[in-house]
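All remarks here apply to the structure that follows.
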Amino acid sequence: MRKPTGFTWITLWTIFVYLFMFLPIGVVVLLSFNASQFGSFPMTGFSLQWFGELATNDAIIRAFQTSALLGILTAIISTTIGVLASLAMVRYDFPGKTTISTLLIAPILVPEVVLAVALLLFLQLMNVPKSFPLLLMGHVIFTLPFVVLVVQARLIGVRRDYEEAAMSLGASPIQTFFRVTLPLIMPAVMAGALFAFTISFDDITGTLFWKPGGVETVPTQIFAMLRNSISPEINALGTVMIVLTVGLPLLGLAVMRQVSARQGAQAGAPA
Amino acid sequence: MDSTKRYERLRERLGNGGLDRRQFFTLVGAAGLAYGVQMPFASRVKAQDVSEVRFDGWGGVVSEAFRDKAFDPYTDKTGVTVVDGTFGSGDEYLARVQASQEGEYNIAHLSGVFDYARYYNLGYASNLNRANIPNLDLVIPKLVDVYSAVSGDELSCVPFDYGTTGIAYNRKYISDEEAKEKGAKLLIDEAYKGKIGGWSDWRTRMWYAALQTDQDPNGATDVDAMWDAVRAHRDLVLKYWTSGAELMSLLAEEEIYVTEGWSGRIYALQEQGHDIGYIDPPNGFGWQECMFVIKGSPMAECEELLNFMLAPETSIAVAEAQNYPPALDPSKVDLGSKIPTLPAFDPSGTLSGLTFADPNYWNGNEADWSKTFGRVQKGY
Amino acid sequence: MASIEQAERRAPWILLSPALTAVGLLLLVPLVFVLVYSFWLRSAVGGIDATFSFNNWAEVLGDRFYRDILLQTIKIALITTVVCALAGYPAAYFIARVKGVNRGFLLLLLMLPFWVSYIIRTMSWINILGVSGAVNSLLQAMGIVTDPIQMLYNETTVVLGLVHYLLPFMILNIYVSLDGIDTTLEDAAHSLGATRWQAFTEVTLPLSMPGLGAGALLCFVLGAGTYITPIILGGPRDAMFANLVFDAIITQLDWPLGAALSLALLVVLGTVVVVYNRFAGLGQLAKGLG
């Protein structure tokens, strides 16, 4: 045993943490196979009907596409401007830094409902109608702090020496950024993008207020269903997404292993 | 103070047209960018050539029924598309309307009495031309009368459905006799402490508080006693629910044994085989919902759409989806087999058994009561 | 030389300009509206009465009701943050140090709950902790209890819901910091005679502080600003400050009061961020790392 026993405890704890995280979604996955319409246990029977109905429910599919598009665009824009801002904050000294640092985090300090209404009042005054780009910008605003926080935390740990070495070897600042800095902060960039996507994908309050006519996201669809009851199709959608996000990488890994094993076997086989 | 005034004046001038928009933009420099953001999409909402009508309502099965039975046929006939949006609560929708531009929102599925009066008072009333909505003749007259108390001869909406907020109880633990005998007071019965629920809505709370203190819900005078009843209820409840989905799961999972509940939701639970009883106590809470047309909307197009929505086929499909009877008069329209089984349904079409809220009384107390309830609810 | 210096001076502002434009236009300008509104009044029918008044501020600052709920909110946010840090650190450490498992995959798994809408996954706790939920059924089946235990709808379940929501943010932030630390440092300390625990507390923990700090700040601020979780998982008395804001704006149509309330919350949370920036924030941490 090279590892200390402490690591065993850490492993067990981590498994516990993951179980805790999965409990509620486990319920959702189970209920998506429930035969009856109103999700409650014990289940009344196994059924795939909700997946079938999901497949033909245009409203939910469209909402899902909107959410996904919105999430991806938010992640791209938010991560880009967040990384730029983090670079400025960590790599440079300038007057008013503390203020700006607070400002960059400010979007999550204001209750979302206030930000939502205030922005609408501004638009009303300006006579600017709601639009998808505007909704997108709204999402960018309140995902920005997540990106900035996580990227800054990582960037602080990246020693300047590397960047200076690259530059002393003749690399331009931009080359240095793409060749040296970015790869070093990549985990944080990915984490930031993941944050931005999930926050956007899951946002309800701001979206309710900012969505233009004809635009619905999955959360706003769910919100509107609350008065009556949430259709199990939503559970089915959750299940499909989970299967996709867990299943595809696992499948990819398995295929890769298969391929490399076969290549290994072929290499070893007599010609 | 100065800046407030200046801003006010600015707004006023903009409103009066004393300041053209370009000047205004220069004044509020930042606006330029916002304008840039919306440019390519600007035509959508402002378009007044009426190629679309905006409808907002509840999602899920309700909106599917509308889409199928009313919106698509309407578009086929008129060429006007219906953009349907959704909201999570009537209060939230009103906040959005208040922050919107005129003409952005057109028709909404709102609470027939409270919201009607609120929208009217806030200046969102329109004036429907009843001649354009022949199906309005099929509607129960009492449902339309309620609005006359608010807006006189002018009408900004058509009634669409109705229901009650009665008392729902788990029959495993509470017998029908007990529920009937105790009525509204079942909700403040110490014996069920921790097993009681309630809607976190000040109107419902005060309505039931009036019943619990033996007063007329549309003219209670001893308000202090009502607040005491609201507090007594609060101290006994496990939690306040905020949506039909939550109401159903609390009852179905037996977290609570008794609560007031929406007739259609309780019916849905019974349909699923849950042993839940439902009674409307004397003077129980009746309500109706309407299709409200907001000021600034294209009236002729909206009226035609309302006519499609009131068509028996649409009304029945929506009613069967949400379990609330349609506003149509059963003596004039055959409502099929399911609707007559729905709670609150009145086959005579007179609705004489239902007590609706008096909008003037309730909206007169709205500011005070909604705020006080916000505190009482949180333990104060 | 001067031009290089100038460029050096200009560079941060160029980098910051997109972020600052967005924040300025979509946050600061609307906030000016909020400020103006906070000095107005609600009209009798629920509209806006644009007369200048200190009433909202007098109410927000003078009323015990708001102070009590603000304190309660801070308390819940603090407990949530501490629980997230304690629960999240070992998990982040595991992900950063484990061998033979794809780390990206582990992190992705962590974000999995977000694929199911917040409202739905929060509501589904009723199926786990409810009187007829999984835990009670298990306890009854094992004969540990005869009557189901009432677990839901109190302050503990509000914290539980918040921890479930915020833990991934904490873990990812800590992980990102831990991942940047050279593992040989800890090994070196160990080989120099430090126990594993000492090596960890002397070397790894200080180096991971930026991530822990960022995670804690996120958890605290998001926890303090939440309003859906207390509605779904709390009892009658478990309201938080953002619920008051929501009530004022949505239920009571009292935008001026809601504006004053949210500015009060903004000031409190803003102070936390300023303190964080001053003492635990970038400048300090960067200095510590040399």
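In the structure tokens, chains take letters A, B, ... by order of appearance, with residues numbered from 1 within each chain and ligands from 1 in the order shown.
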Residues of chain B at most 6 Å from chain A: nearest atom pair and distance in Å, only C-alpha atoms, as a tab-separated table:
residue	atom	partner	partner_atom	distance
B:Trp58	CA	A:Ala224	CA	5.1
B:Gly59	CA	A:Ala224	CA	4.6
B:Gly60	CA	A:Met225	CA	5.2
B:Val83	CA	A:Gly214	CA	5.3
B:Thr86	CA	A:Ala224	CA	5.7
B:Phe87	CA	A:Ala224	CA	5.2
B:Gly88	CA	A:Ala224	CA	4.4
B:Ala99	CA	A:Leu121	CA	5.5
B:Gln101	CA	A:Gln124	CA	5.9
B:Ser243	CA	A:Arg227	CA	5.1
B:Gly244	CA	A:Arg227	CA	4.5
B:Ala245	CA	A:Ser229	CA	4.4
Find the nearest atom pair between each residue of chain C and chain B for residues within 8 Å, count only C-alpha atoms, give distances in Å to one decimal, sort rows by chain and ascending number, and present the table as a Markdown table.
| residue | atom | partner | partner_atom | distance |
| --- | --- | --- | --- | --- |
| C:Leu25 | CA | B:Ala30 | CA | 6.3 |
| C:Val36 | CA | B:Thr4 | CA | 6.3 |
| C:Ala44 | CA | B:Ala367 | CA | 7.1 |
| C:Val45 | CA | B:Asn121 | CA | 6.2 |
| C:Gly46 | CA | B:Leu122 | CA | 7.3 |
| C:Gly47 | CA | B:Leu122 | CA | 6.6 |
| C:Ala50 | CA | B:Glu8 | CA | 7.7 |
| C:Phe52 | CA | B:Met1 | CA | 7.0 |
| C:Phe65 | CA | B:Tyr380 | CA | 7.6 |
| C:Met123 | CA | B:Glu246 | CA | 7.9 |
| C:Ile126 | CA | B:Glu253 | CA | 7.8 |
| C:Asn127 | CA | B:Glu253 | CA | 7.9 |
| C:Gly130 | CA | B:Glu255 | CA | 6.7 |
| C:Val131 | CA | B:Glu255 | CA | 6.1 |
| C:Ser132 | CA | B:Glu253 | CA | 6.0 |
| C:Gly133 | CA | B:Glu253 | CA | 7.8 |
| C:Tyr153 | CA | B:Lys239 | CA | 6.5 |
| C:Ile231 | CA | B:Thr242 | CA | 7.6 |
| C:Ile232 | CA | B:Trp241 | CA | 7.7 |
| C:Gly234 | CA | B:Lys239 | CA | 7.0 |
| C:Gly235 | CA | B:Lys239 | CA | 4.6 |
| C:Pro236 | CA | B:Lys239 | CA | 5.4 |
| C:Arg237 | CA | B:Lys378 | CA | 4.5 |
| C:Asp238 | CA | B:Lys378 | CA | 7.0 |
| C:Ala239 | CA | B:Lys378 | CA | 6.3 |
| C:Leu244 | CA | B:Gly374 | CA | 7.8 |
| C:Asp247 | CA | B:Gly374 | CA | 7.0 |
| C:Ala248 | CA | B:Lys371 | CA | 7.8 |
| C:Ile249 | CA | B:Ala95 | CA | 7.5 |
| C:Ile250 | CA | B:Glu92 | CA | 5.5 |
| C:Thr251 | CA | B:Asp91 | CA | 5.8 |
| C:Gln252 | CA | B:Ser370 | CA | 6.0 |
| C:Leu253 | CA | B:Ala95 | CA | 7.1 |
Residue selection dump (N, CA and C atoms) as a short mmCIF file (atom, residue, chain, number, x, y, z; two decimals), in the first residue's frame:
data_model
loop_
_atom_site.label_atom_id
_atom_site.label_comp_id
_atom_site.auth_asym_id
_atom_site.auth_seq_id
_atom_site.Cartn_x
_atom_site.Cartn_y
_atom_site.Cartn_z
N LEU C 25 -23.71 48.19 -18.01
CA LEU C 25 -24.96 48.39 -18.72
C LEU C 25 -26.11 47.58 -18.13
N VAL C 36 -33.38 54.87 -7.34
CA VAL C 36 -34.41 55.90 -7.48
C VAL C 36 -35.75 55.38 -6.95
N ALA C 44 -51.82 53.47 -4.28
CA ALA C 44 -52.88 52.69 -3.65
C ALA C 44 -53.23 51.43 -4.44
N VAL C 45 -53.22 51.51 -5.76
CA VAL C 45 -53.62 50.34 -6.54
C VAL C 45 -52.45 49.43 -6.88
N GLY C 46 -51.26 49.78 -6.48
CA GLY C 46 -50.13 48.90 -6.75
C GLY C 46 -49.22 49.43 -7.83
N GLY C 47 -49.43 50.65 -8.25
CA GLY C 47 -48.52 51.26 -9.21
C GLY C 47 -47.43 52.01 -8.46
N ALA C 50 -44.55 58.50 -7.70
CA ALA C 50 -43.21 59.07 -7.79
C ALA C 50 -43.04 60.33 -6.95
N PHE C 52 -40.91 61.82 -3.67
CA PHE C 52 -39.73 61.49 -2.89
C PHE C 52 -40.09 61.24 -1.43
N PHE C 65 -38.38 43.35 12.21
CA PHE C 65 -38.74 42.23 11.33
C PHE C 65 -37.66 41.99 10.29
N MET C 123 -37.90 19.63 -5.02
CA MET C 123 -39.17 19.03 -4.59
C MET C 123 -39.03 17.53 -4.36
N ILE C 126 -38.98 15.22 -1.00
CA ILE C 126 -40.15 14.67 -0.31
C ILE C 126 -40.18 13.14 -0.48
N ASN C 127 -39.66 12.66 -1.61
CA ASN C 127 -39.64 11.22 -1.86
C ASN C 127 -38.51 10.52 -1.09
N GLY C 130 -39.45 12.34 3.17
CA GLY C 130 -40.84 12.47 3.60
C GLY C 130 -41.27 11.32 4.50
N VAL C 131 -42.46 11.47 5.11
CA VAL C 131 -42.92 10.42 6.02
C VAL C 131 -43.14 9.09 5.30
N SER C 132 -43.45 9.15 4.01
CA SER C 132 -43.52 7.88 3.29
C SER C 132 -42.38 7.78 2.27
N GLY C 133 -41.31 8.51 2.56
CA GLY C 133 -40.17 8.51 1.66
C GLY C 133 -39.22 7.34 1.90
N TYR C 153 -39.22 20.13 6.15
CA TYR C 153 -39.83 21.45 6.38
C TYR C 153 -39.41 22.11 7.69
N ILE C 231 -38.86 28.26 0.25
CA ILE C 231 -40.27 28.09 -0.08
C ILE C 231 -40.62 26.60 -0.17
N ILE C 232 -39.72 25.84 -0.80
CA ILE C 232 -40.05 24.43 -1.03
C ILE C 232 -39.70 23.56 0.18
N GLY C 234 -38.74 24.73 3.44
CA GLY C 234 -38.84 25.31 4.77
C GLY C 234 -40.25 25.23 5.34
N GLY C 235 -40.33 25.39 6.66
CA GLY C 235 -41.62 25.50 7.32
C GLY C 235 -42.08 26.95 7.27
N PRO C 236 -43.18 27.26 7.98
CA PRO C 236 -43.72 28.62 7.91
C PRO C 236 -42.72 29.70 8.33
N ARG C 237 -41.84 29.39 9.26
CA ARG C 237 -40.98 30.45 9.79
C ARG C 237 -39.60 30.49 9.15
N ASP C 238 -39.37 29.70 8.14
CA ASP C 238 -38.01 29.61 7.60
C ASP C 238 -37.77 30.52 6.40
N ALA C 239 -38.34 31.69 6.41
CA ALA C 239 -38.15 32.58 5.27
C ALA C 239 -36.76 33.22 5.32
N LEU C 244 -38.40 38.10 1.25
CA LEU C 244 -39.03 39.38 1.54
C LEU C 244 -39.02 40.25 0.29
N ASP C 247 -41.56 38.80 -2.09
CA ASP C 247 -42.90 39.14 -1.62
C ASP C 247 -43.24 40.59 -1.94
N ALA C 248 -42.31 41.47 -1.62
CA ALA C 248 -42.58 42.90 -1.81
C ALA C 248 -42.83 43.19 -3.29
N ILE C 249 -41.99 42.67 -4.14
CA ILE C 249 -42.08 43.02 -5.55
C ILE C 249 -43.22 42.28 -6.25
N ILE C 250 -43.30 40.98 -6.03
CA ILE C 250 -44.25 40.18 -6.79
C ILE C 250 -45.62 40.14 -6.11
N THR C 251 -45.66 39.76 -4.84
CA THR C 251 -46.96 39.59 -4.20
C THR C 251 -47.61 40.92 -3.85
N GLN C 252 -46.82 41.85 -3.32
CA GLN C 252 -47.41 43.09 -2.84
C GLN C 252 -47.32 44.23 -3.85
N LEU C 253 -46.67 43.98 -4.98
CA LEU C 253 -46.50 45.02 -6.01
C LEU C 253 -45.89 46.28 -5.43
#
Chain A contacts to chain C at 7 Å (only C-alpha atoms) as a PyMOL selection string:
chain A and resi 10-11+13-14+21-22+24-25+27+81-82+84-85+88+92+98+102+107-111+113-114+118-119+122+141+149-150+153-154+156-157+187-188+191+198+202+219+238+241-242
Requested write-out: N, CA and C atoms of the selected residues, as a tab-separated table (two decimals), in the first residue's frame:
chain	number	residue	atom	x	y	z
A	10	ILE	N	-10.95	9.24	2.77
A	10	ILE	CA	-11.33	10.29	1.81
A	10	ILE	C	-12.15	9.70	0.68
A	11	THR	N	-11.74	8.52	0.24
A	11	THR	CA	-12.48	7.86	-0.84
A	11	THR	C	-13.91	7.55	-0.41
A	13	TRP	N	-15.63	8.94	1.93
A	13	TRP	CA	-16.37	10.19	2.09
A	13	TRP	C	-16.84	10.72	0.73
A	14	THR	N	-15.93	10.62	-0.25
A	14	THR	CA	-16.28	11.12	-1.58
A	14	THR	C	-17.45	10.33	-2.17
A	21	MET	N	-25.36	13.69	-3.70
A	21	MET	CA	-25.69	14.51	-4.86
A	21	MET	C	-26.67	13.80	-5.79
A	22	PHE	N	-26.58	12.47	-5.83
A	22	PHE	CA	-27.40	11.73	-6.80
A	22	PHE	C	-28.78	11.36	-6.28
A	24	PRO	N	-31.57	12.98	-5.16
A	24	PRO	CA	-32.77	13.56	-5.78
A	24	PRO	C	-32.90	13.21	-7.26
A	25	ILE	N	-31.77	13.14	-7.97
A	25	ILE	CA	-31.94	12.82	-9.38
A	25	ILE	C	-32.25	11.35	-9.57
A	27	VAL	N	-34.39	9.85	-7.74
A	27	VAL	CA	-35.86	9.88	-7.65
A	27	VAL	C	-36.45	10.26	-9.01
A	81	ILE	N	-15.20	36.56	-21.67
A	81	ILE	CA	-14.97	37.86	-21.03
A	81	ILE	C	-14.53	37.68	-19.58
A	82	GLY	N	-14.91	36.58	-18.99
A	82	GLY	CA	-14.48	36.31	-17.61
A	82	GLY	C	-12.99	36.04	-17.53
A	84	LEU	N	-10.69	37.07	-19.66
A	84	LEU	CA	-10.00	38.34	-19.91
A	84	LEU	C	-9.97	39.19	-18.65
A	85	ALA	N	-11.12	39.30	-18.00
A	85	ALA	CA	-11.18	40.12	-16.79
A	85	ALA	C	-10.28	39.54	-15.70
A	88	ALA	N	-6.69	40.47	-16.21
A	88	ALA	CA	-6.43	41.83	-15.79
A	88	ALA	C	-6.32	41.92	-14.28
A	92	TYR	N	-2.23	42.33	-13.37
A	92	TYR	CA	-1.90	43.75	-13.42
A	92	TYR	C	-2.28	44.43	-12.12
A	98	THR	N	-9.82	46.92	-6.10
A	98	THR	CA	-10.77	46.30	-5.16
A	98	THR	C	-12.20	46.59	-5.58
A	102	THR	N	-15.02	43.81	-6.71
A	102	THR	CA	-16.35	43.69	-6.11
A	102	THR	C	-17.43	43.81	-7.17
A	107	PRO	N	-23.08	40.97	-9.70
A	107	PRO	CA	-24.32	40.42	-10.26
A	107	PRO	C	-24.96	39.33	-9.41
A	108	ILE	N	-24.17	38.60	-8.61
A	108	ILE	CA	-24.85	37.59	-7.78
A	108	ILE	C	-25.16	38.13	-6.40
A	109	LEU	N	-24.88	39.40	-6.16
A	109	LEU	CA	-25.21	39.97	-4.85
A	109	LEU	C	-26.60	40.56	-4.84
A	110	VAL	N	-27.09	40.92	-6.00
A	110	VAL	CA	-28.42	41.52	-6.09
A	110	VAL	C	-29.42	40.40	-6.30
A	111	PRO	N	-30.47	40.34	-5.49
A	111	PRO	CA	-31.48	39.30	-5.73
A	111	PRO	C	-31.92	39.33	-7.19
A	113	VAL	N	-34.55	38.67	-8.77
A	113	VAL	CA	-35.84	39.25	-9.14
A	113	VAL	C	-35.70	40.78	-9.26
A	114	VAL	N	-34.84	41.37	-8.45
A	114	VAL	CA	-34.64	42.81	-8.50
A	114	VAL	C	-33.91	43.19	-9.78
A	118	ALA	N	-35.47	45.52	-12.59
A	118	ALA	CA	-34.76	46.77	-12.85
A	118	ALA	C	-34.33	46.87	-14.31
A	119	LEU	N	-33.83	45.76	-14.84
A	119	LEU	CA	-33.39	45.78	-16.23
A	119	LEU	C	-34.58	46.02	-17.16
A	122	PHE	N	-35.48	49.64	-17.23
A	122	PHE	CA	-34.51	50.34	-18.07
A	122	PHE	C	-34.90	50.19	-19.54
A	141	ILE	N	-24.45	38.07	-17.62
A	141	ILE	CA	-24.18	38.90	-16.45
A	141	ILE	C	-24.15	38.10	-15.17
A	149	LEU	N	-14.51	34.14	-10.49
A	149	LEU	CA	-14.01	33.61	-9.22
A	149	LEU	C	-13.13	32.38	-9.43
A	150	VAL	N	-13.60	31.46	-10.24
A	150	VAL	CA	-12.85	30.20	-10.35
A	150	VAL	C	-11.57	30.42	-11.17
A	153	ALA	N	-8.91	32.23	-9.05
A	153	ALA	CA	-8.33	31.35	-8.03
A	153	ALA	C	-7.24	30.48	-8.65
A	154	ARG	N	-7.45	30.05	-9.87
A	154	ARG	CA	-6.46	29.20	-10.52
A	154	ARG	C	-5.27	30.02	-11.00
A	156	ILE	N	-3.97	32.66	-9.89
A	156	ILE	CA	-3.05	33.06	-8.83
A	156	ILE	C	-1.98	32.00	-8.62
A	157	GLY	N	-2.39	30.74	-8.80
A	157	GLY	CA	-1.45	29.65	-8.59
A	157	GLY	C	-0.49	29.45	-9.75
A	187	PRO	N	-8.18	23.83	-16.60
A	187	PRO	CA	-9.20	23.24	-15.72
A	187	PRO	C	-10.18	24.28	-15.21
A	188	ALA	N	-9.66	25.47	-14.87
A	188	ALA	CA	-10.53	26.51	-14.35
A	188	ALA	C	-11.43	27.06	-15.45
A	191	ALA	N	-14.09	24.55	-15.86
A	191	ALA	CA	-15.01	24.62	-14.72
A	191	ALA	C	-15.91	25.84	-14.85
A	198	THR	N	-24.43	25.43	-16.73
A	198	THR	CA	-25.45	24.87	-15.85
A	198	THR	C	-26.30	25.95	-15.19
A	202	ASP	N	-30.29	26.27	-15.87
A	202	ASP	CA	-31.17	26.04	-14.73
A	202	ASP	C	-31.85	27.32	-14.27
A	219	PRO	N	-36.81	25.40	-17.68
A	219	PRO	CA	-37.31	25.84	-16.38
A	219	PRO	C	-38.59	26.69	-16.46
A	238	GLY	N	-35.04	14.73	-18.04
A	238	GLY	CA	-33.90	14.68	-17.12
A	238	GLY	C	-33.14	13.37	-17.28
A	241	MET	N	-31.13	13.31	-20.47
A	241	MET	CA	-29.92	14.13	-20.37
A	241	MET	C	-28.85	13.47	-19.54
A	242	ILE	N	-29.28	12.84	-18.44
A	242	ILE	CA	-28.30	12.18	-17.58
A	242	ILE	C	-27.65	11.02	-18.33
Excluding same-chain residues fewer than 5 positions from C:Leu166, what lies within 10 Å of it counting only C-alpha atoms, as a PDB file with N, CA and C atoms, in the first residue's frame?
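Output below, filename around_7.pdb:
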ATOM      1  N   THR C  80     -24.448  26.853   5.877  1.00  0.00           N
ATOM      2  CA  THR C  80     -24.345  26.188   4.581  1.00  0.00           C
ATOM      3  C   THR C  80     -22.908  26.222   4.071  1.00  0.00           C
ATOM      4  N   THR C  81     -22.269  27.385   4.188  1.00  0.00           N
ATOM      5  CA  THR C  81     -20.907  27.517   3.686  1.00  0.00           C
ATOM      6  C   THR C  81     -19.953  26.585   4.425  1.00  0.00           C
ATOM      7  N   CYS C  84     -20.584  23.013   3.427  1.00  0.00           N
ATOM      8  CA  CYS C  84     -20.067  22.780   2.073  1.00  0.00           C
ATOM      9  C   CYS C  84     -18.542  22.647   2.100  1.00  0.00           C
ATOM     10  N   GLY C  88     -17.021  19.319   1.184  1.00  0.00           N
ATOM     11  CA  GLY C  88     -16.493  19.414  -0.165  1.00  0.00           C
ATOM     12  C   GLY C  88     -14.989  19.239  -0.261  1.00  0.00           C
ATOM     13  N   LEU C 160     -29.994  21.681   4.132  1.00  0.00           N
ATOM     14  CA  LEU C 160     -29.722  20.499   3.310  1.00  0.00           C
ATOM     15  C   LEU C 160     -29.926  20.798   1.822  1.00  0.00           C
ATOM     16  N   GLY C 161     -31.018  21.454   1.514  1.00  0.00           N
ATOM     17  CA  GLY C 161     -31.296  21.798   0.122  1.00  0.00           C
ATOM     18  C   GLY C 161     -30.237  22.735  -0.439  1.00  0.00           C
ATOM     19  N   ILE C 171     -16.828  22.288  -4.421  1.00  0.00           N
ATOM     20  CA  ILE C 171     -15.879  21.238  -4.793  1.00  0.00           C
ATOM     21  C   ILE C 171     -15.084  21.650  -6.030  1.00  0.00           C
ATOM     22  N   GLY C 215     -14.763  29.442  -3.343  1.00  0.00           N
ATOM     23  CA  GLY C 215     -15.911  28.566  -3.141  1.00  0.00           C
ATOM     24  C   GLY C 215     -16.771  29.040  -1.988  1.00  0.00           C
ATOM     25  N   ALA C 216     -16.103  29.424  -0.889  1.00  0.00           N
ATOM     26  CA  ALA C 216     -16.846  29.866   0.288  1.00  0.00           C
ATOM     27  C   ALA C 216     -17.619  31.139  -0.026  1.00  0.00           C
ATOM     28  N   LEU C 218     -18.726  32.142  -2.921  1.00  0.00           N
ATOM     29  CA  LEU C 218     -19.867  31.780  -3.777  1.00  0.00           C
ATOM     30  C   LEU C 218     -20.999  31.172  -2.958  1.00  0.00           C
ATOM     31  N   CYS C 219     -20.644  30.208  -2.104  1.00  0.00           N
ATOM     32  CA  CYS C 219     -21.663  29.528  -1.309  1.00  0.00           C
ATOM     33  C   CYS C 219     -22.393  30.516  -0.420  1.00  0.00           C
ATOM     34  N   PHE C 220     -21.629  31.390   0.221  1.00  0.00           N
ATOM     35  CA  PHE C 220     -22.253  32.319   1.152  1.00  0.00           C
ATOM     36  C   PHE C 220     -23.206  33.264   0.426  1.00  0.00           C
ATOM     37  N   LEU C 222     -24.540  33.059  -2.636  1.00  0.00           N
ATOM     38  CA  LEU C 222     -25.689  32.413  -3.265  1.00  0.00           C
ATOM     39  C   LEU C 222     -26.661  31.903  -2.215  1.00  0.00           C
ATOM     40  N   GLY C 223     -26.115  31.385  -1.124  1.00  0.00           N
ATOM     41  CA  GLY C 223     -26.973  30.898  -0.044  1.00  0.00           C
ATOM     42  C   GLY C 223     -27.810  32.028   0.530  1.00  0.00           C
TER      43      GLY C 223
END
I need the strand (DSSP E or B) residues of stretch 67-266 of chain B per DSSP on the backbone, written as a PyMOL selection string.
chain B and resi 81-86+107-111+139+157-170+196-199+237-241+258-262
Just the residues within 12 Å of B:Ala357, please, counting only C-alpha atoms, with nothing from its chain fewer than 2 positions along; format it as a ChimeraX atom specification.
/B:111-117,143,146-147,149,164-165,203-204,206-207,216-219,283-288,354-355,359-363
To one decimal place in Å, what is the distance between atom CA of B:Asp72 and atom CA of A:Leu135?
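Interatomic distance here is 27.5 Å.
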In stretch 158-255 of chain C, what's helix (DSSP H, G or I) per DSSP? Answer as a PyMOL selection string?
chain C and resi 158-179+183-191+196-207+209-224+228-233+241-251+255
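The spacing separating atom CA of A:Gly52 from atom CA of A:Pro249 amounts to 24.7 Å.
Close contacts of C:Pro148, defined as residues with an atom at most 9 Å away when counting only C-alpha atoms, with chain neighbours fewer than 2 positions off set aside, comprise Gly130, Val131, Ser132, Asn136, Ser137, Leu139, Gln140, Val145, Thr146, Gln150 and Met151 of chain C.
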Take the residues from that selection and put them in a file with N, CA and C atoms, as a CSV table (one decimal), in the first residue's frame.
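Result file follows (result12.csv):
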chain,number,residue,atom,x,y,z
C,130,GLY,N,-39.5,12.3,3.2
C,130,GLY,CA,-40.8,12.5,3.6
C,130,GLY,C,-41.3,11.3,4.5
C,131,VAL,N,-42.5,11.5,5.1
C,131,VAL,CA,-42.9,10.4,6.0
C,131,VAL,C,-43.1,9.1,5.3
C,132,SER,N,-43.4,9.2,4.0
C,132,SER,CA,-43.5,7.9,3.3
C,132,SER,C,-42.4,7.8,2.3
C,136,ASN,N,-37.5,6.9,5.6
C,136,ASN,CA,-38.5,6.4,6.6
C,136,ASN,C,-38.9,4.9,6.3
C,137,SER,N,-39.1,4.6,5.1
C,137,SER,CA,-39.5,3.2,4.7
C,137,SER,C,-38.3,2.3,5.1
C,139,LEU,N,-36.0,2.8,7.5
C,139,LEU,CA,-35.9,2.7,8.9
C,139,LEU,C,-37.0,1.8,9.5
C,140,GLN,N,-38.2,1.9,8.9
C,140,GLN,CA,-39.3,1.1,9.4
C,140,GLN,C,-39.1,-0.4,9.0
C,145,VAL,N,-37.5,2.3,13.7
C,145,VAL,CA,-38.6,3.1,14.2
C,145,VAL,C,-40.0,2.5,13.8
C,146,THR,N,-41.0,2.7,14.6
C,146,THR,CA,-42.3,2.2,14.2
C,146,THR,C,-43.1,3.3,13.4
C,150,GLN,N,-40.9,12.8,11.2
C,150,GLN,CA,-41.2,14.0,10.4
C,150,GLN,C,-39.8,14.7,10.3
C,151,MET,N,-39.2,14.6,9.1
C,151,MET,CA,-37.9,15.2,8.9
C,151,MET,C,-37.9,16.5,8.1
Correct to one decimal, the distance atom CA of A:Val240-atom CA of A:Val29 is 8.9 Å
Residues at most 9 Å from B:Ala317, counting only C-alpha atoms, excluding those fewer than 4 positions away in the same chain, as an mmCIF file with C-alpha atoms, in the first residue's frame?
data_model
loop_
_atom_site.group_PDB
_atom_site.id
_atom_site.type_symbol
_atom_site.label_atom_id
_atom_site.label_comp_id
_atom_site.auth_asym_id
_atom_site.auth_seq_id
_atom_site.Cartn_x
_atom_site.Cartn_y
_atom_site.Cartn_z
ATOM 1 C CA VAL B 62 -53.528 23.457 -20.668
ATOM 2 C CA ALA B 65 -55.117 21.957 -25.431
ATOM 3 C CA PHE B 66 -55.227 25.599 -26.472
ATOM 4 C CA LYS B 69 -58.089 23.350 -30.393
ATOM 5 C CA PRO B 312 -67.263 24.549 -26.883
ATOM 6 C CA GLU B 313 -64.676 22.221 -28.360
ATOM 7 C CA ALA B 321 -57.092 18.875 -19.086
ATOM 8 C CA GLN B 322 -57.119 21.054 -15.993
#
With distances taken over only C-alpha atoms, which of B:Ala70, B:Leu136, B:Leu335, B:Val80 is nearest to B:Arg54?
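Checking each candidate against B:Arg54, we get B:Val80 as the closest.
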Which is closer to C:Glu202 than all the others in C:Asp63, C:Asp147, C:Glu186, C:Glu5, using only C-alpha atoms?
C:Glu186
